[in-house]
>>> print(open('query02.cif').read())   # mmCIF, C-alpha atoms
data_work
#
loop_
_atom_site.label_atom_id
_atom_site.label_comp_id
_atom_site.auth_asym_id
_atom_site.auth_seq_id
_atom_site.Cartn_x
_atom_site.Cartn_y
_atom_site.Cartn_z
CA MET A 177 55.78 85.43 -19.57
CA ALA A 178 56.44 81.91 -18.46
CA VAL A 179 59.02 79.73 -20.08
CA ILE A 180 57.22 76.51 -20.84
CA GLY A 181 60.04 74.00 -21.28
CA VAL A 182 63.64 73.14 -20.55
CA GLY A 183 65.77 70.63 -22.42
CA ILE A 184 69.37 69.46 -22.38
CA ALA A 185 71.59 68.68 -25.35
CA LEU A 186 75.04 67.18 -25.37
CA ILE A 187 76.34 67.76 -28.89
CA CYS A 188 79.36 65.52 -29.38
CA GLY A 189 81.26 67.10 -32.24
CA ALA A 190 85.05 66.97 -31.93
CA ALA A 191 86.94 70.25 -31.97
CA ALA A 192 89.69 68.59 -33.98
CA SER A 193 89.66 66.43 -37.06
CA ALA A 194 89.92 62.69 -36.58
CA GLY A 195 93.41 61.23 -36.59
CA THR A 196 96.27 60.15 -34.37
CA TRP A 197 97.70 63.68 -34.09
CA SER A 198 95.22 66.54 -34.37
CA VAL A 199 94.74 70.19 -33.45
CA SER A 200 93.15 70.68 -30.04
CA ARG A 201 93.60 74.43 -29.52
CA LYS A 202 94.35 77.62 -31.41
CA ILE A 203 95.88 80.78 -29.95
CA PRO A 204 95.75 83.83 -32.26
CA LEU A 205 98.82 86.06 -31.88
CA ASN A 206 98.40 88.50 -34.77
CA ALA A 207 102.17 88.77 -34.95
CA ASN A 208 104.90 87.11 -37.00
CA ILE A 209 107.05 85.49 -34.35
CA VAL A 210 110.49 84.03 -35.09
CA ARG A 211 111.04 82.01 -31.93
CA PHE A 212 109.14 80.87 -28.82
CA VAL A 213 109.82 78.87 -25.66
CA LEU A 214 107.56 77.17 -23.12
CA ASP A 215 107.77 77.98 -19.43
CA PRO A 216 108.34 74.65 -17.63
CA GLN A 217 106.75 75.90 -14.40
CA ARG A 218 104.05 78.35 -15.46
CA PRO A 219 101.22 78.27 -18.05
CA TRP A 220 103.03 80.72 -20.35
CA ILE A 221 104.72 80.87 -23.71
CA TYR A 222 107.29 83.58 -24.47
CA ALA A 223 107.51 84.54 -28.14
CA VAL A 224 109.89 86.80 -30.04
CA ASP A 225 108.14 89.38 -32.23
CA ARG A 226 111.12 90.59 -34.21
CA GLU A 227 109.19 93.02 -36.40
CA ASN A 228 107.99 95.04 -33.40
CA SER A 229 111.04 94.38 -31.16
CA GLU A 230 108.85 92.84 -28.44
CA ILE A 231 108.61 89.75 -26.30
CA LEU A 232 105.04 88.48 -26.20
CA PHE A 233 103.78 86.85 -23.00
CA VAL A 234 101.11 84.34 -24.02
CA ASN A 235 98.88 82.97 -21.25
CA LEU A 236 97.98 79.38 -22.12
CA GLU A 237 94.94 79.42 -19.82
CA SER A 238 93.32 82.56 -21.23
CA ARG A 239 94.86 81.93 -24.68
CA LYS A 240 95.73 85.57 -25.02
CA ILE A 241 98.78 87.81 -25.15
CA GLU A 242 98.67 89.41 -21.71
CA ASN A 243 101.92 91.36 -21.78
CA ARG A 244 104.34 92.85 -24.31
CA LEU A 245 107.83 93.96 -23.40
CA TYR A 246 110.54 95.84 -25.26
CA VAL A 247 113.91 94.39 -24.25
CA GLY A 248 116.12 95.68 -27.05
CA LYS A 249 116.18 96.38 -30.77
CA ASP A 250 115.71 93.50 -33.22
CA PRO A 251 115.31 90.47 -30.89
CA THR A 252 116.10 87.15 -32.56
CA ASP A 253 116.16 84.36 -29.98
CA CYS A 254 115.39 83.49 -26.36
CA ASP A 255 115.90 80.77 -23.77
CA ILE A 256 115.04 80.06 -20.12
CA ASP A 257 117.70 79.49 -17.46
CA PRO A 258 117.94 76.23 -15.42
CA THR A 259 116.04 77.77 -12.48
CA ASP A 260 113.09 78.45 -14.81
CA ASN A 261 112.92 82.00 -13.43
CA VAL A 262 114.88 84.01 -16.00
CA LEU A 263 114.37 84.54 -19.73
CA TYR A 264 117.35 85.60 -21.83
CA VAL A 265 116.67 87.46 -25.09
CA ALA A 266 119.27 87.99 -27.82
CA ASN A 267 119.08 91.39 -29.56
CA LYS A 268 121.00 92.24 -32.71
CA GLY A 269 120.83 95.89 -31.68
CA PRO A 270 120.15 99.15 -33.55
CA GLY A 271 122.36 98.20 -36.47
CA THR A 272 125.22 100.60 -35.73
CA GLY A 273 127.74 97.76 -35.74
CA VAL A 274 129.51 99.43 -32.83
CA ALA A 275 130.51 97.43 -29.77
CA GLY A 276 128.11 98.21 -26.93
CA SER A 277 125.05 98.11 -29.14
CA TRP A 278 124.77 94.33 -28.82
CA ARG A 279 122.80 93.15 -25.81
CA ILE A 280 121.11 90.19 -24.20
CA GLY A 281 118.02 91.19 -22.23
CA VAL A 282 117.37 89.55 -18.85
CA ILE A 283 113.71 89.15 -17.84
CA VAL A 284 112.56 87.92 -14.44
CA LEU A 285 109.60 85.66 -15.16
CA THR A 286 107.94 85.91 -11.76
CA ASN A 287 106.91 89.50 -12.56
CA GLN A 288 107.70 89.63 -16.30
CA THR A 289 110.09 92.55 -15.88
CA LEU A 290 113.32 93.45 -17.67
CA VAL A 291 115.88 93.76 -14.87
CA THR A 292 119.12 94.23 -16.80
CA SER A 293 120.89 93.71 -20.11
CA TYR A 294 124.25 92.09 -20.72
CA ILE A 295 126.41 94.15 -23.08
CA THR A 296 128.04 91.47 -25.21
CA ALA A 297 131.50 91.27 -26.74
CA SER A 298 130.05 90.44 -30.13
CA LEU A 299 126.73 90.37 -31.92
CA ALA A 300 124.11 88.26 -30.09
CA VAL A 301 121.79 86.33 -32.44
CA HIS A 302 121.31 82.91 -30.82
CA VAL A 303 121.23 82.17 -27.07
CA THR A 304 121.21 78.89 -25.16
CA ALA A 305 121.07 78.62 -21.37
CA GLY A 306 123.67 76.29 -19.90
CA ARG A 307 124.38 75.04 -16.40
CA PRO A 308 123.52 77.45 -13.54
CA GLY A 309 125.46 80.66 -14.02
CA ARG A 310 126.37 80.15 -17.68
CA LEU A 311 124.82 81.39 -20.91
CA TYR A 312 126.06 80.67 -24.47
CA TYR A 313 125.49 82.87 -27.48
CA ASN A 314 126.69 83.24 -31.05
CA SER A 315 126.44 85.78 -33.86
CA GLY A 316 124.62 83.67 -36.40
CA PHE A 317 125.88 84.03 -39.93
CA ASP A 318 127.73 87.23 -39.08
CA GLY A 319 130.48 84.86 -38.04
CA TYR A 320 131.92 85.87 -34.65
CA ASP A 321 133.14 83.38 -32.03
CA GLY A 322 130.61 81.67 -29.83
CA ARG A 323 130.80 83.21 -26.36
CA VAL A 324 130.18 82.30 -22.71
CA ILE A 325 128.62 84.72 -20.20
CA ASP A 326 128.76 84.42 -16.42
CA THR A 327 125.15 85.32 -15.60
CA GLU A 328 125.99 86.19 -11.99
CA THR A 329 128.57 88.85 -12.87
CA ALA A 330 127.52 89.59 -16.49
CA ALA A 331 131.19 89.05 -17.43
CA ASP A 332 132.19 87.65 -20.80
CA VAL A 333 134.10 84.55 -19.66
CA ALA A 334 135.43 82.95 -22.83
CA GLY A 335 135.02 82.35 -26.51
CA PHE A 336 134.94 79.11 -28.43
CA ALA A 337 134.37 77.99 -32.02
CA ILE A 338 132.61 80.13 -34.61
CA VAL A 339 129.15 78.59 -34.32
CA LYS A 340 126.62 80.03 -36.75
CA THR A 341 123.36 78.13 -36.19
CA ARG A 342 120.90 77.83 -33.35
CA MET A 343 122.31 75.64 -30.60
CA VAL A 344 120.74 72.88 -28.50
CA ILE A 345 122.01 71.47 -25.22
CA THR A 346 121.53 68.19 -23.37
CA ALA A 347 119.23 68.10 -20.35
CA ASP A 348 122.19 67.78 -17.97
CA LYS A 349 123.80 70.86 -19.60
CA THR A 350 127.06 69.06 -20.42
CA ARG A 351 126.97 68.87 -24.24
CA LEU A 352 126.21 71.72 -26.64
CA PHE A 353 125.50 71.16 -30.36
CA GLY A 354 125.75 73.58 -33.26
CA GLN A 355 127.15 74.07 -36.74
CA TYR A 356 130.64 75.57 -36.60
CA ILE A 357 133.42 76.68 -38.98
CA TYR A 358 136.16 74.08 -39.16
CA ASP A 359 138.17 75.63 -42.01
CA GLY A 360 137.79 78.92 -43.89
CA ASN A 361 134.01 79.21 -44.12
CA LEU A 362 133.29 75.48 -44.28
CA GLY A 363 130.80 74.17 -41.73
CA ALA A 364 130.52 70.96 -39.74
CA MET A 365 128.37 69.58 -36.97
CA GLY A 366 129.94 70.10 -33.58
CA MET A 367 129.45 68.57 -30.15
CA PHE A 368 131.08 70.70 -27.43
CA ASP A 369 131.91 69.79 -23.83
CA VAL A 370 130.51 72.64 -21.71
CA THR A 371 131.03 71.16 -18.24
CA GLY A 372 133.58 73.92 -17.59
CA ASP A 373 134.54 77.28 -19.07
CA GLN A 374 137.28 75.71 -21.18
CA ILE A 375 134.94 74.56 -23.94
CA THR A 376 136.28 71.79 -26.13
CA LEU A 377 135.10 70.09 -29.31
CA VAL A 378 134.52 66.41 -28.52
CA ASP A 379 132.85 65.21 -31.71
CA SER A 380 132.26 66.55 -35.21
CA LEU A 381 130.87 65.51 -38.57
CA TYR A 382 131.27 67.14 -41.97
CA TYR A 383 127.57 67.43 -42.70
CA SER A 384 125.52 69.00 -44.36
CA PRO A 385 126.63 68.05 -47.07
CA TYR A 386 130.40 68.09 -47.22
CA PRO A 387 132.20 70.45 -47.79
CA TYR A 388 129.97 73.54 -47.35
CA GLY A 389 127.87 72.70 -44.33
CA TRP A 390 125.37 75.57 -44.15
CA ASP A 391 122.27 74.06 -45.76
CA TYR A 392 120.34 73.63 -42.50
CA ASP A 393 119.61 75.53 -39.28
CA ASN A 394 117.29 73.10 -37.52
CA TYR A 395 119.06 71.40 -34.62
CA SER A 396 116.65 69.62 -32.26
CA ILE A 397 117.23 67.22 -29.37
CA SER A 398 114.98 64.67 -27.69
CA GLY A 399 113.86 65.17 -24.11
CA ASP A 400 116.07 62.33 -22.88
CA SER A 401 119.04 63.82 -24.80
CA LYS A 402 119.70 60.54 -26.62
CA ARG A 403 118.61 61.58 -30.12
CA LEU A 404 119.67 64.59 -32.17
CA GLY A 405 117.91 65.89 -35.27
CA TYR A 406 119.75 67.95 -37.87
CA GLY A 407 118.85 68.50 -41.49
CA LYS A 408 116.95 65.38 -42.49
CA ILE A 409 118.95 62.97 -40.31
CA LEU A 410 118.34 61.45 -36.89
CA PHE A 411 121.61 60.97 -35.00
CA ASN A 412 122.72 59.22 -31.87
CA ALA A 413 123.43 62.28 -29.71
CA ALA A 414 126.35 60.47 -28.06
CA SER A 415 128.10 59.86 -31.40
CA LEU A 416 127.54 61.94 -34.53
CA LYS A 417 128.98 59.12 -36.64
CA ASP A 418 126.00 56.97 -35.65
CA GLN A 419 123.24 58.02 -38.06
CA LEU A 420 119.97 56.26 -37.31
CA GLY A 421 117.97 57.24 -40.38
CA LEU A 422 117.08 59.76 -43.05
CA PHE A 423 113.70 61.52 -43.11
CA PRO A 424 112.07 62.66 -46.38
CA GLU A 425 112.13 66.24 -45.07
CA GLN A 426 113.79 68.42 -42.46
CA VAL A 427 112.62 67.87 -38.88
CA TYR A 428 112.26 70.64 -36.30
CA ALA A 429 111.32 68.91 -33.04
CA LEU A 430 111.55 65.49 -31.37
CA ASN A 431 109.48 63.90 -28.63
CA HIS A 432 110.95 62.59 -25.37
CA ASP A 433 112.86 59.61 -26.76
CA GLY A 434 113.10 60.67 -30.40
CA SER A 435 110.63 58.02 -31.52
CA VAL A 436 108.43 60.74 -33.05
CA ALA A 437 109.83 63.56 -35.19
CA PHE A 438 107.96 66.67 -36.30
CA GLY A 439 108.76 67.88 -39.79
CA GLU A 440 107.74 70.78 -41.94
CA THR A 441 104.73 68.96 -43.45
CA ALA A 442 104.36 65.70 -41.53
CA ILE A 443 104.81 63.78 -38.28
CA TRP A 444 107.14 60.77 -38.49
CA ASP A 445 107.63 57.51 -36.62
CA SER A 446 111.39 57.02 -36.36
CA THR A 447 111.20 53.57 -34.73
CA THR A 448 110.66 52.10 -38.20
CA PHE A 449 114.24 53.06 -39.14
CA GLN A 450 115.31 49.85 -37.36
CA ILE A 451 112.69 47.75 -39.16
CA HIS A 452 112.93 48.73 -42.83
CA GLY A 453 115.21 51.76 -42.95
CA ASP A 454 112.56 54.42 -43.49
CA ALA A 455 110.49 56.61 -41.19
CA ARG A 456 106.75 55.95 -41.27
CA ARG A 457 104.51 58.93 -41.90
CA ILE A 458 102.11 59.05 -38.95
CA ALA A 459 100.06 62.10 -39.91
CA ASP A 460 100.14 65.29 -41.92
CA MET A 461 100.83 68.55 -40.16
CA PRO A 462 97.75 70.80 -40.39
CA PHE A 463 99.90 73.45 -42.09
CA THR A 464 103.49 73.86 -43.23
CA THR A 465 105.73 75.15 -40.45
CA THR A 466 109.34 75.32 -39.33
CA LEU A 467 108.60 76.75 -35.89
CA THR A 468 107.63 73.99 -33.45
CA VAL A 469 108.28 73.14 -29.79
CA PHE A 470 107.43 69.81 -28.15
CA ASP A 471 106.47 69.91 -24.46
CA ASP A 472 107.88 66.77 -22.86
CA ALA A 473 105.81 67.14 -19.69
CA THR A 474 102.39 67.36 -21.35
CA GLN A 475 103.20 65.52 -24.62
CA LEU A 476 101.88 68.49 -26.60
CA LEU A 477 103.32 69.96 -29.78
CA TYR A 478 103.10 73.73 -30.19
CA ALA A 479 103.38 74.92 -33.80
CA PHE A 480 103.23 78.40 -35.31
CA ASN A 481 101.27 79.02 -38.51
CA ARG A 482 102.66 82.05 -40.33
CA ASN A 483 99.63 82.25 -42.62
CA ASP A 484 97.17 83.17 -39.86
CA GLN A 485 99.77 84.20 -37.26
CA SER A 486 98.49 81.74 -34.67
CA LEU A 487 99.92 79.12 -32.34
CA TYR A 488 98.33 75.68 -32.53
CA VAL A 489 98.39 72.87 -30.00
CA ILE A 490 98.68 69.46 -31.67
CA GLU A 491 98.36 66.23 -29.74
CA GLN A 492 97.55 62.53 -29.97
CA MET A 493 93.83 61.78 -30.01
CA THR A 494 91.34 59.04 -30.65
CA ALA A 495 89.27 59.08 -33.83
CA ASN A 496 86.65 61.45 -32.41
CA GLY A 497 89.02 63.72 -30.55
CA ILE A 498 89.66 62.40 -27.03
CA PRO A 499 93.23 63.45 -26.14
CA PHE A 500 95.54 60.64 -25.06
CA ARG A 501 96.72 62.82 -22.14
CA TRP A 502 93.14 62.94 -20.78
CA LEU A 503 92.71 59.17 -21.09
CA THR A 504 96.11 58.54 -19.51
CA HIS A 505 95.18 60.78 -16.58
CA TYR A 506 92.30 58.40 -15.79
CA ALA A 507 94.38 55.28 -16.55
CA LEU A 508 92.21 54.39 -19.54
CA PRO A 509 93.40 52.78 -22.79
CA THR A 510 94.22 55.06 -25.72
CA ASP A 511 92.66 53.09 -28.56
CA ASP A 512 89.49 54.13 -30.41
CA ALA A 513 87.40 51.44 -28.74
CA VAL A 514 87.56 53.33 -25.44
CA GLU A 515 85.19 55.98 -26.81
CA ALA A 516 82.14 53.69 -26.54
CA GLN A 517 83.04 52.18 -23.18
CA ASP A 518 81.40 53.20 -19.88
CA PRO A 519 83.89 52.29 -17.12
CA ASP A 520 81.80 53.77 -14.28
CA ASN A 521 78.42 52.46 -15.56
CA ASP A 522 76.73 55.85 -15.23
CA GLY A 523 75.11 55.74 -18.67
CA LEU A 524 77.68 58.07 -20.28
CA ASN A 525 80.34 56.61 -22.51
CA THR A 526 83.92 57.86 -22.44
CA LEU A 527 83.42 60.15 -25.42
CA GLN A 528 80.46 61.85 -23.69
CA GLU A 529 82.44 62.11 -20.45
CA TRP A 530 85.24 63.80 -22.39
CA PHE A 531 82.90 66.40 -23.85
CA LEU A 532 81.51 67.08 -20.39
CA ASP A 533 85.05 66.98 -18.93
CA SER A 534 83.72 64.73 -16.18
CA ASP A 535 85.52 61.84 -14.51
CA PRO A 536 84.91 58.70 -16.65
CA THR A 537 85.88 56.42 -13.75
CA ARG A 538 83.44 57.87 -11.20
CA ALA A 539 79.68 57.94 -11.70
CA THR A 540 78.41 61.48 -12.34
CA PRO A 541 74.88 62.79 -12.95
CA GLY A 542 75.76 64.15 -16.39
CA LEU A 543 74.63 67.45 -17.88
CA ARG A 544 71.73 69.24 -16.15
CA LEU A 545 69.85 72.48 -16.63
CA ASP A 546 67.83 73.65 -13.59
CA TRP A 547 65.50 76.53 -12.83
CA THR A 548 66.88 78.34 -9.77
CA SER A 549 64.58 81.40 -9.97
CA ASP A 550 61.92 82.80 -12.28
CA PHE A 551 64.48 83.84 -14.89
CA ASP A 552 67.68 82.01 -13.91
CA LEU A 553 68.74 78.74 -15.50
CA THR A 554 71.70 76.99 -13.85
CA VAL A 555 74.10 74.33 -15.11
CA PRO A 556 75.65 72.64 -12.05
CA ASP A 557 79.29 71.52 -11.91
CA THR A 558 80.69 73.15 -15.03
CA SER A 559 84.27 72.81 -16.30
CA LEU A 560 86.70 75.66 -16.90
CA ALA A 561 87.76 73.85 -20.06
CA ARG A 562 84.31 73.94 -21.64
CA LEU A 563 81.97 76.48 -23.24
CA TYR A 564 78.23 76.36 -22.53
CA ASP A 565 75.75 77.68 -25.09
CA LEU A 566 72.20 78.37 -23.96
CA GLU A 567 69.90 77.90 -26.94
CA GLN A 568 66.19 78.59 -27.37
CA THR A 569 63.39 77.51 -29.67
CA SER A 570 59.68 78.21 -29.70
CA THR A 571 58.77 74.93 -31.41
CA LEU A 572 60.15 71.56 -30.44
CA GLY A 573 60.93 69.39 -33.42
CA SER A 574 61.56 72.34 -35.75
CA GLY A 575 65.31 71.97 -35.51
CA LEU A 576 65.64 75.76 -35.24
CA TRP A 577 67.61 76.60 -32.13
CA LEU A 578 69.00 80.10 -31.54
CA ARG A 579 71.88 80.86 -29.22
CA VAL A 580 70.80 83.13 -26.37
CA ALA A 581 74.11 83.29 -24.54
CA GLN A 582 77.52 81.63 -24.28
CA LEU A 583 79.52 81.34 -21.07
CA ARG A 584 82.78 79.67 -20.17
CA GLY A 585 82.53 77.13 -17.36
CA SER A 586 83.44 78.33 -13.88
CA GLY A 587 84.41 75.10 -12.14
CA ALA A 588 81.11 75.36 -10.25
CA GLY A 589 77.52 76.23 -11.16
CA LEU A 590 76.92 78.48 -14.17
CA VAL A 591 73.89 80.81 -14.21
CA PHE A 592 72.10 82.07 -17.33
CA ASN A 593 69.66 84.92 -16.78
CA VAL A 594 66.92 84.79 -19.43
CA SER A 595 64.79 87.73 -18.27
CA THR A 596 65.43 89.75 -21.44
CA ASP A 597 64.79 86.78 -23.69
CA ALA A 598 61.63 85.86 -21.78
CA MET A 599 60.25 89.37 -22.27
CA GLN A 600 60.56 88.90 -26.04
CA LYS A 601 59.56 85.22 -26.13
CA PRO A 602 57.00 84.51 -23.42
CA GLN A 603 56.80 80.86 -24.51
CA ALA A 604 60.05 79.04 -25.27
CA PHE A 605 62.10 75.90 -24.77
CA TYR A 606 65.73 76.07 -23.69
CA ARG A 607 68.67 73.70 -23.93
CA VAL A 608 72.37 73.89 -23.13
CA VAL A 609 75.06 72.73 -25.55
CA VAL A 610 78.60 71.96 -24.44
CA GLY A 611 81.67 72.74 -26.53
CA ILE A 612 85.43 72.51 -26.07
CA TYR A 613 87.06 75.72 -24.90
#
>>> encode(input="query02.cif", output="structure tokens")
Amino acid sequence: MAVIGVGIALICGAAASAGTWSVSRKIPLNANIVRFVLDPQRPWIYAVDRENSEILFVNLESRKIENRLYVGKDPTDCDIDPTDNVLYVANKGPGTGVAGSWRIGVIVLTNQTLVTSYITASLAVHVTAGRPGRLYYNSGFDGYDGRVIDTETAADVAGFAIVKTRMVITADKTRLFGQYIYDGNLGAMGMFDVTGDQITLVDSLYYSPYPYGWDYDNYSISGDSKRLGYGKILFNAASLKDQLGLFPEQVYALNHDGSVAFGETAIWDSTTFQIHGDARRIADMPFTTTLTVFDDATQLLYAFNRNDQSLYVIEQMTANGIPFRWLTHYALPTDDAVEAQDPDNDGLNTLQEWFLDSDPTRATPGLRLDWTSDFDLTVPDTSLARLYDLEQTSTLGSGLWLRVAQLRGSGAGLVFNVSTDAMQKPQAFYRVVVGIY
């Protein structure tokens, strides 16, 4: 029952469509989430499943929900504290409307456990973590004062303006932004000084549009805290009167310096505001969404698709799908021409090195498939970020290859046992095909 041939195939087909910004990963959630945050220190996303009153713990390495936690009835929002060790979850409560039913759940992220709940003075709908020891929340469109909690004592420290929208805060935790009531039920943009517990309004703007002010609920801030997005406008975060430009649609996230904005249907270049007054459309979003988070550290956009209830990772790529982050890691250029280059002169171009997930600046032997016993085929030096398909055919040149097995790379050698297949097909050729995990 001898196997009479072994072959190797490197099939270079990009996992994402060509384009500057493209999908690189998909994480099915099978839940309609309303909010999610990225853990800055751990490979996790925490998502609010309001329908089932759960927090979903999504492992970015396994791409699976690995924990679900009930932290209170009807959760609506969440945020991570400055130590990156605590997740706060706003819960509207059981709907009794009685004081004591409103809570903010406190989850320790090191063991993903609910350790306590803050009983709040008013309904908790939106939460934003401030400087160490301080947490801000508001009641959304139910219209109670915004409140401050001392997270060390769980005491309600103070109230401030009636803020109704989601809030964003600068990286240094000194300025808080949100839409507040300035008269009757009329709304305006507000910038609040939160350096102390006596919170003061330091800047405001009667938008959107004057005099009502409740058209939008999409505050976003750039990673460097210099640009603020609200409605369809990009603002100077230091002065709300300084409007830098108007997008054709609402934007929901900004990159580090605000030069790229992520809208409901498209990705926009905001640097062109200074050139001809309009934002340039860089790329289409793969689906319509209002739920996006940009990760400043990795330069990745995470976006939720309500149609298939999945999270997608969207990032900058070359025409055939090499991520810019991968090229930057190896100090290579990020233009399309790099795909055909072979910096280490090992016979594999950069595109092939990417599909193998091998170092394009250090000569490597490439993809191999070795016999290591009568029925064991081994692929040396596999990558955890790749899938390896073992395929078989009885006739070379027929083009008919059947998958025998698929394994995820281990970071070391990967062994396929073909004893069962060899019993059925005493004469066969094998090859291994690499795909993106």
>>> residues_around(input="query02.cif", residues="A:Leu487", least_positions_apart="2", cutoff="8 Å", atoms="only C-alpha atoms", output="JSON list (two decimals) with C-alpha atoms, in the coordinates of the input")
[["chain", "number", "residue", "atom", "x", "y", "z"],
["A", 202, "LYS", "CA", 94.35, 77.62, -31.41],
["A", 203, "ILE", "CA", 95.88, 80.78, -29.95],
["A", 204, "PRO", "CA", 95.75, 83.83, -32.26],
["A", 205, "LEU", "CA", 98.82, 86.06, -31.88],
["A", 478, "TYR", "CA", 103.10, 73.73, -30.19],
["A", 479, "ALA", "CA", 103.38, 74.92, -33.80],
["A", 480, "PHE", "CA", 103.23, 78.40, -35.31],
["A", 481, "ASN", "CA", 101.27, 79.02, -38.51],
["A", 485, "GLN", "CA", 99.77, 84.20, -37.26],
["A", 489, "VAL", "CA", 98.39, 72.87, -30.00]]
>>> resolve_selection(input="query02.cif", expression="the PyMOL selection byres ((chain A and resi 406) around 9)", output="MDAnalysis selection string")
chainID A and resid 365 384 392:397 404:405 407:411 426:428
>>> resolve_selection(input="query02.cif", expression="the PyMOL selection byres ((chain A and resi 282-296) around 7)", output="number ranges by chain")
A: 247, 261-265, 276, 278-281, 297-299, 330
>>> resolve_selection(input="query02.cif", expression="the PyMOL selection byres ((chain A and resi 333) around 12)", output="PyMOL selection string")
chain A and resi 296-297+309-313+322-332+334-336+372-375
>>> residues_around(input="query02.cif", residues="stretch 537-552 of chain A", least_positions_apart="4", cutoff="6 Å", atoms="all atoms listed in the file", output="NGL selection string")
:A and (519-520 or 522 or 592-595)
>>> atom_distance(input="query02.cif", atom1="atom CA of A:Trp444", atom2="atom CA of A:Arg456")
5.6 Å
>>> residues_around(input="query02.cif", residues="stretch 559-568 of chain A", least_positions_apart="3", cutoff="10 Å", atoms="all atoms listed in the file", output="number ranges by chain")
A: 181-185, 237, 531-534, 545, 553, 555-556, 571-572, 576-590, 592, 594, 597, 601, 604-613
>>> closest_residue(input="query02.cif", among="A:Pro536, A:Gly248, A:Tyr320, A:Val274", to="A:Gly523", atoms="all atoms listed in the file")
A:Pro536
>>> atom_distance(input="query02.cif", atom1="atom CA of A:Ile209", atom2="atom CA of A:Gly306")
23.9 Å
>>> atom_distance(input="query02.cif", atom1="atom CA of A:Gly575", atom2="atom CA of A:Gln603")
16.5 Å
>>> residues_around(input="query02.cif", residues="stretch 505-517 of chain A", least_positions_apart="5", cutoff="6 Å", atoms="all atoms listed in the file", output="JSON, numbers by chain")
{"A": [494, 500, 525, 526, 527]}
>>> residues_around(input="query02.cif", residues="A:Leu476", least_positions_apart="5", cutoff="10 Å", atoms="all atoms listed in the file", output="list in words")
Trp197, Ser200, Asn431, Val469, Phe470, Asp471, Tyr488, Val489, Ile490, Glu491, Gln492 and Arg501 of chain A
>>> residues_near_point(input="query02.cif", point="(104.3, 56.8, -40.8)", cutoff="8 Å", atoms="only C-alpha atoms", output="list in words")
Ile443, Trp444, Asp445, Ala455, Arg456, Arg457, Ile458 and Ala459 of chain A
>>> closest_residue(input="query02.cif", among="A:Thr341, A:Arg351, A:Gly389, A:Val213", to="A:Gly363", atoms="all atoms listed in the file")
A:Gly389
>>> closest_residue(input="query02.cif", among="A:Leu245, A:Met367, A:Leu232, A:Leu477", to="A:Ile345", atoms="all atoms listed in the file")
A:Met367
>>> axis_aligned_box(input="query02.cif", around="stretch 260-265 of chain A", padding_each_side="8 Å", output="AutoDock Vina command-line options")
--center_x 115.1 --center_y 83.0 --center_z -19.3 --size_x 20.4 --size_y 25.0 --size_z 27.7
>>> closest_residue(input="query02.cif", among="A:Thr504, A:Tyr388, A:Ala414, A:Ala347", to="A:His432", atoms="all atoms listed in the file")
A:Ala347
>>> closest_residue(input="query02.cif", among="A:Ala442, A:Thr196, A:Thr474, A:Lys340", to="A:Ala495", atoms="only C-alpha atoms")
A:Thr196
